[in-house]
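> mmCIF, C-alpha atoms, saved as entry-v4.cif, coming up:
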```cif
data_entry
#
loop_
_atom_site.label_atom_id
_atom_site.label_comp_id
_atom_site.auth_asym_id
_atom_site.auth_seq_id
_atom_site.Cartn_x
_atom_site.Cartn_y
_atom_site.Cartn_z
CA MET Z 214 1.89 4.96 -2.38
CA ASN Z 215 3.74 4.44 -5.58
CA HIS Z 216 5.13 7.72 -6.96
CA SER Z 217 3.06 9.84 -4.61
CA VAL Z 218 3.93 12.22 -1.83
CA PRO Z 219 1.82 11.71 1.29
CA ILE Z 220 -0.06 14.56 2.92
CA TYR Z 221 -0.10 14.26 6.69
CA VAL Z 222 -2.44 15.98 9.12
CA GLY Z 223 -2.19 15.01 12.74
CA ASN Z 224 0.17 14.54 15.64
CA PRO Z 225 2.63 17.47 15.82
CA GLU Z 226 5.30 15.07 17.11
CA ILE Z 227 5.36 13.18 13.78
CA ASN Z 228 8.98 14.30 13.31
CA LYS Z 229 10.04 11.88 16.07
CA ASP Z 230 9.34 8.95 13.73
CA PHE Z 231 9.34 10.45 10.24
CA ILE Z 232 11.38 13.01 8.34
CA ILE Z 233 9.09 15.93 7.55
CA LYS Z 234 10.84 16.61 4.22
CA SER Z 235 9.41 13.28 2.95
CA PHE Z 236 5.77 14.45 2.94
CA VAL Z 237 3.53 17.50 2.95
CA TYR Z 238 2.84 18.25 6.58
CA CYS Z 239 -0.29 20.12 7.60
CA GLU Z 240 -0.17 21.09 11.27
CA SER Z 241 -3.84 21.92 11.63
CA GLU Z 242 -6.93 23.07 9.78
CA SER Z 243 -5.58 26.62 9.81
CA ASP Z 244 -2.44 25.36 8.00
CA LEU Z 245 -4.47 23.78 5.20
CA GLU Z 246 -4.06 26.71 2.80
CA ARG Z 247 -0.25 26.52 3.07
CA ALA Z 248 -0.31 22.74 2.53
CA ILE Z 249 -2.46 23.18 -0.60
CA LYS Z 250 0.01 25.75 -1.95
CA GLU Z 251 2.86 23.34 -1.26
CA VAL Z 252 1.06 20.60 -3.22
CA GLU Z 253 0.45 23.03 -6.10
CA TYR Z 254 4.12 24.03 -6.01
CA LEU Z 255 5.29 20.40 -6.09
CA ASP Z 256 2.91 19.73 -8.97
CA THR Z 257 4.66 22.38 -11.08
CA HIS Z 258 8.27 21.88 -9.91
CA ASP Z 259 9.49 18.42 -10.88
CA LYS Z 260 12.88 18.61 -9.17
CA GLU Z 261 11.38 19.50 -5.78
CA TYR Z 262 8.69 16.83 -6.22
CA ILE Z 263 11.30 14.16 -7.02
CA ASP Z 264 13.47 15.31 -4.11
CA MET Z 265 10.55 14.90 -1.70
CA LEU Z 266 9.58 11.60 -3.29
CA MET Z 267 13.11 10.23 -2.88
CA GLU Z 268 13.54 11.44 0.71
CA TYR Z 269 13.83 8.49 3.08
CA PRO Z 270 10.83 8.83 5.42
CA ILE Z 271 11.92 6.96 8.56
CA ASN Z 272 13.71 9.07 11.15
CA SER Z 273 15.45 6.44 13.23
CA LYS Z 274 16.92 2.96 12.92
CA GLU Z 275 15.36 2.11 16.30
CA TYR Z 276 11.91 2.73 14.85
CA ILE Z 277 12.57 0.37 11.94
CA ASP Z 278 13.97 -2.25 14.32
CA GLU Z 279 10.84 -1.95 16.46
CA LEU Z 280 8.59 -2.37 13.42
CA TYR Z 281 10.44 -5.51 12.33
CA GLU Z 282 10.32 -6.88 15.87
CA ARG Z 283 6.54 -6.30 16.05
CA LEU Z 284 6.07 -7.87 12.62
CA GLU Z 285 8.09 -10.90 13.65
CA GLU Z 286 6.05 -11.29 16.86
CA PHE Z 287 2.84 -11.01 14.85
CA LEU Z 288 3.90 -13.67 12.32
CA VAL Z 289 5.32 -16.04 14.93
CA ASN Z 290 2.05 -15.75 16.84
CA ILE Z 291 0.08 -16.78 13.74
CA PHE Z 292 2.33 -19.70 12.78
CA ASN Z 293 2.58 -21.05 16.32
CA GLN Z 294 -1.20 -21.42 16.60
CA PRO Z 295 -3.20 -24.43 15.51
CA LYS Z 296 -4.40 -23.88 11.95
CA ASN Z 297 -8.06 -23.47 12.94
CA LEU Z 298 -7.13 -20.62 15.31
CA ALA Z 299 -4.66 -18.93 12.96
CA TYR Z 300 -7.12 -18.87 10.09
CA ARG Z 301 -8.73 -15.43 9.92
CA ARG Z 302 -11.30 -14.36 7.46
CA VAL Z 303 -13.99 -11.72 7.46
CA MET Z 304 -17.13 -13.10 5.86
CA HIS Z 305 -19.66 -10.29 6.06
CA TYR Z 306 -21.49 -9.40 2.85
CA ALA Z 307 -18.89 -7.18 1.15
CA ALA Z 308 -15.95 -9.50 1.88
CA SER Z 309 -17.89 -12.55 0.74
CA LYS Z 310 -18.97 -10.80 -2.45
CA TYR Z 311 -15.40 -9.65 -3.14
CA GLU Z 312 -14.01 -13.13 -2.52
CA LYS Z 313 -16.48 -14.70 -4.95
CA ALA Z 314 -15.62 -12.13 -7.62
CA ALA Z 315 -11.87 -12.65 -7.09
CA TYR Z 316 -12.27 -16.43 -7.32
CA LYS Z 317 -14.30 -16.07 -10.51
CA GLN Z 318 -11.52 -13.88 -11.96
CA TYR Z 319 -8.91 -16.43 -10.86
CA LEU Z 320 -10.78 -19.22 -12.63
CA HIS Z 321 -11.09 -17.09 -15.74
CA GLU Z 322 -7.36 -16.31 -15.76
CA LYS Z 323 -6.48 -19.93 -15.00
CA HIS Z 324 -8.36 -21.16 -18.07
CA THR Z 325 -7.53 -18.24 -20.38
CA PRO Z 326 -4.29 -19.80 -21.74
CA LYS Z 327 -6.23 -22.97 -22.69
CA VAL Z 328 -8.81 -20.91 -24.54
CA ILE Z 329 -6.11 -18.88 -26.31
CA ASN Z 330 -4.28 -22.07 -27.29
CA LYS Z 331 -7.50 -23.51 -28.74
CA ILE Z 332 -8.05 -20.35 -30.79
CA VAL Z 333 -4.44 -20.36 -32.03
CA ASN Z 334 -4.75 -24.04 -32.99
CA ILE Z 335 -7.99 -23.36 -34.89
CA ILE Z 336 -6.33 -20.47 -36.74
CA LYS Z 337 -3.33 -22.69 -37.60
CA GLY Z 338 -5.75 -25.37 -38.81
CA GLU Z 339 -4.70 -27.92 -36.23
#
```
Would you mind writing the file out in structure tokens?


Amino acid sequence: MNHSVPIYVGNPEINKDFIIKSFVYCESESDLERAIKEVEYLDTHDKEYIDMLMEYPINSKEYIDELYERLEEFLVNIFNQPKNLAYRRVMHYAASKYEKAAYKQYLHEKHTPKVINKIVNIIKGE
């Protein structure tokens, strides 16, 4: 969410975990018109947009501590497993296709400097 202000629609108790000034909050479908006007306002008022963008979103240190604790538990669980159990990979059609394309791109980028060096050497007459 680089340089963007989130728009949140959902749980009315969101302010327990997040500071409402850090995003556009839409309480319900009936509040949608107000939220749209707020987005339009932020789009034309740079100072207010930057203020909202720079607002720290997390409401409590306890919440951050809990997130770090859960992340640590998650990672420890993965690393404490035998490798064959810790290894997770989705291999349905779309994931497999994406992985092949990413690997092809990796190979292209890996060999690109060699190709560029060859071209530079040819230009230099080496």

> Env of Cys239 of chain Z: 12 Å cut, atoms = only C-alpha atoms, seq-sep filter 6 positions within chain, self excluded. Answer as a ChimeraX atom specification.

/Z:219-225,227,233,245-252

> Quick one: distance from atom CA of Gln294 of chain Z to atom CA of Leu280 of chain Z in Å, one decimal?

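Between atom CA of Gln294 of chain Z and atom CA of Leu280 of chain Z the gap is 21.7 Å.
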
> Take every atom of segment 261-276 of chain Z listed in the file, fit an axis-aligned box around them, add 5 Å per side, and give the centre and edge lengths in Å to one decimal as lines of an AutoDock Vina configuration file.


```
center_x = 12.8
center_y = 10.8
center_z = 4.6
size_x = 18.2
size_y = 27.4
size_z = 33.3
```

> Between Z:Val237, Z:Ile291, Z:Leu298, Z:Ile232, which residue has the minimum interatomic distance to Tyr269 of chain Z, considering only C-alpha atoms?

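Checking each of Z:Val237, Z:Ile291, Z:Leu298, Z:Ile232 against Tyr269 of chain Z, counting only C-alpha atoms, the winner is Z:Ile232.
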
> From the list Z:Ser241, Z:Ser235, Z:Ser309, Z:Gln318, which residue is nearest Leu266 of chain Z when using all atoms listed in the file?

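Closest candidate: Z:Ser235.
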
> Rounded to one decimal place, report the atom CA of Glu261 of chain Z-atom CA of Ile277 of chain Z distance in Å.

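That distance, rounded to one decimal, is 26.1 Å.
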
> Considering all atoms listed in the file, can you say which of Z:Tyr319, Z:Lys234, Z:Ala314, Z:Asn297 comes closest to Asn272 of chain Z?

Z:Lys234

> Find the distance between atom CA of His258 of chain Z and atom CA of Glu240 of chain Z and write it in Å to one decimal.

22.8 Å

> Here's a test: counting all atoms listed in the file, identify every protein, DNA and RNA residue with an atom at most 12 Å from (9.1, 0.1, 16.4) in the file's coordinate frame, and state them as an MDAnalysis selection string.

chainID Z and resid 229:230 271:286
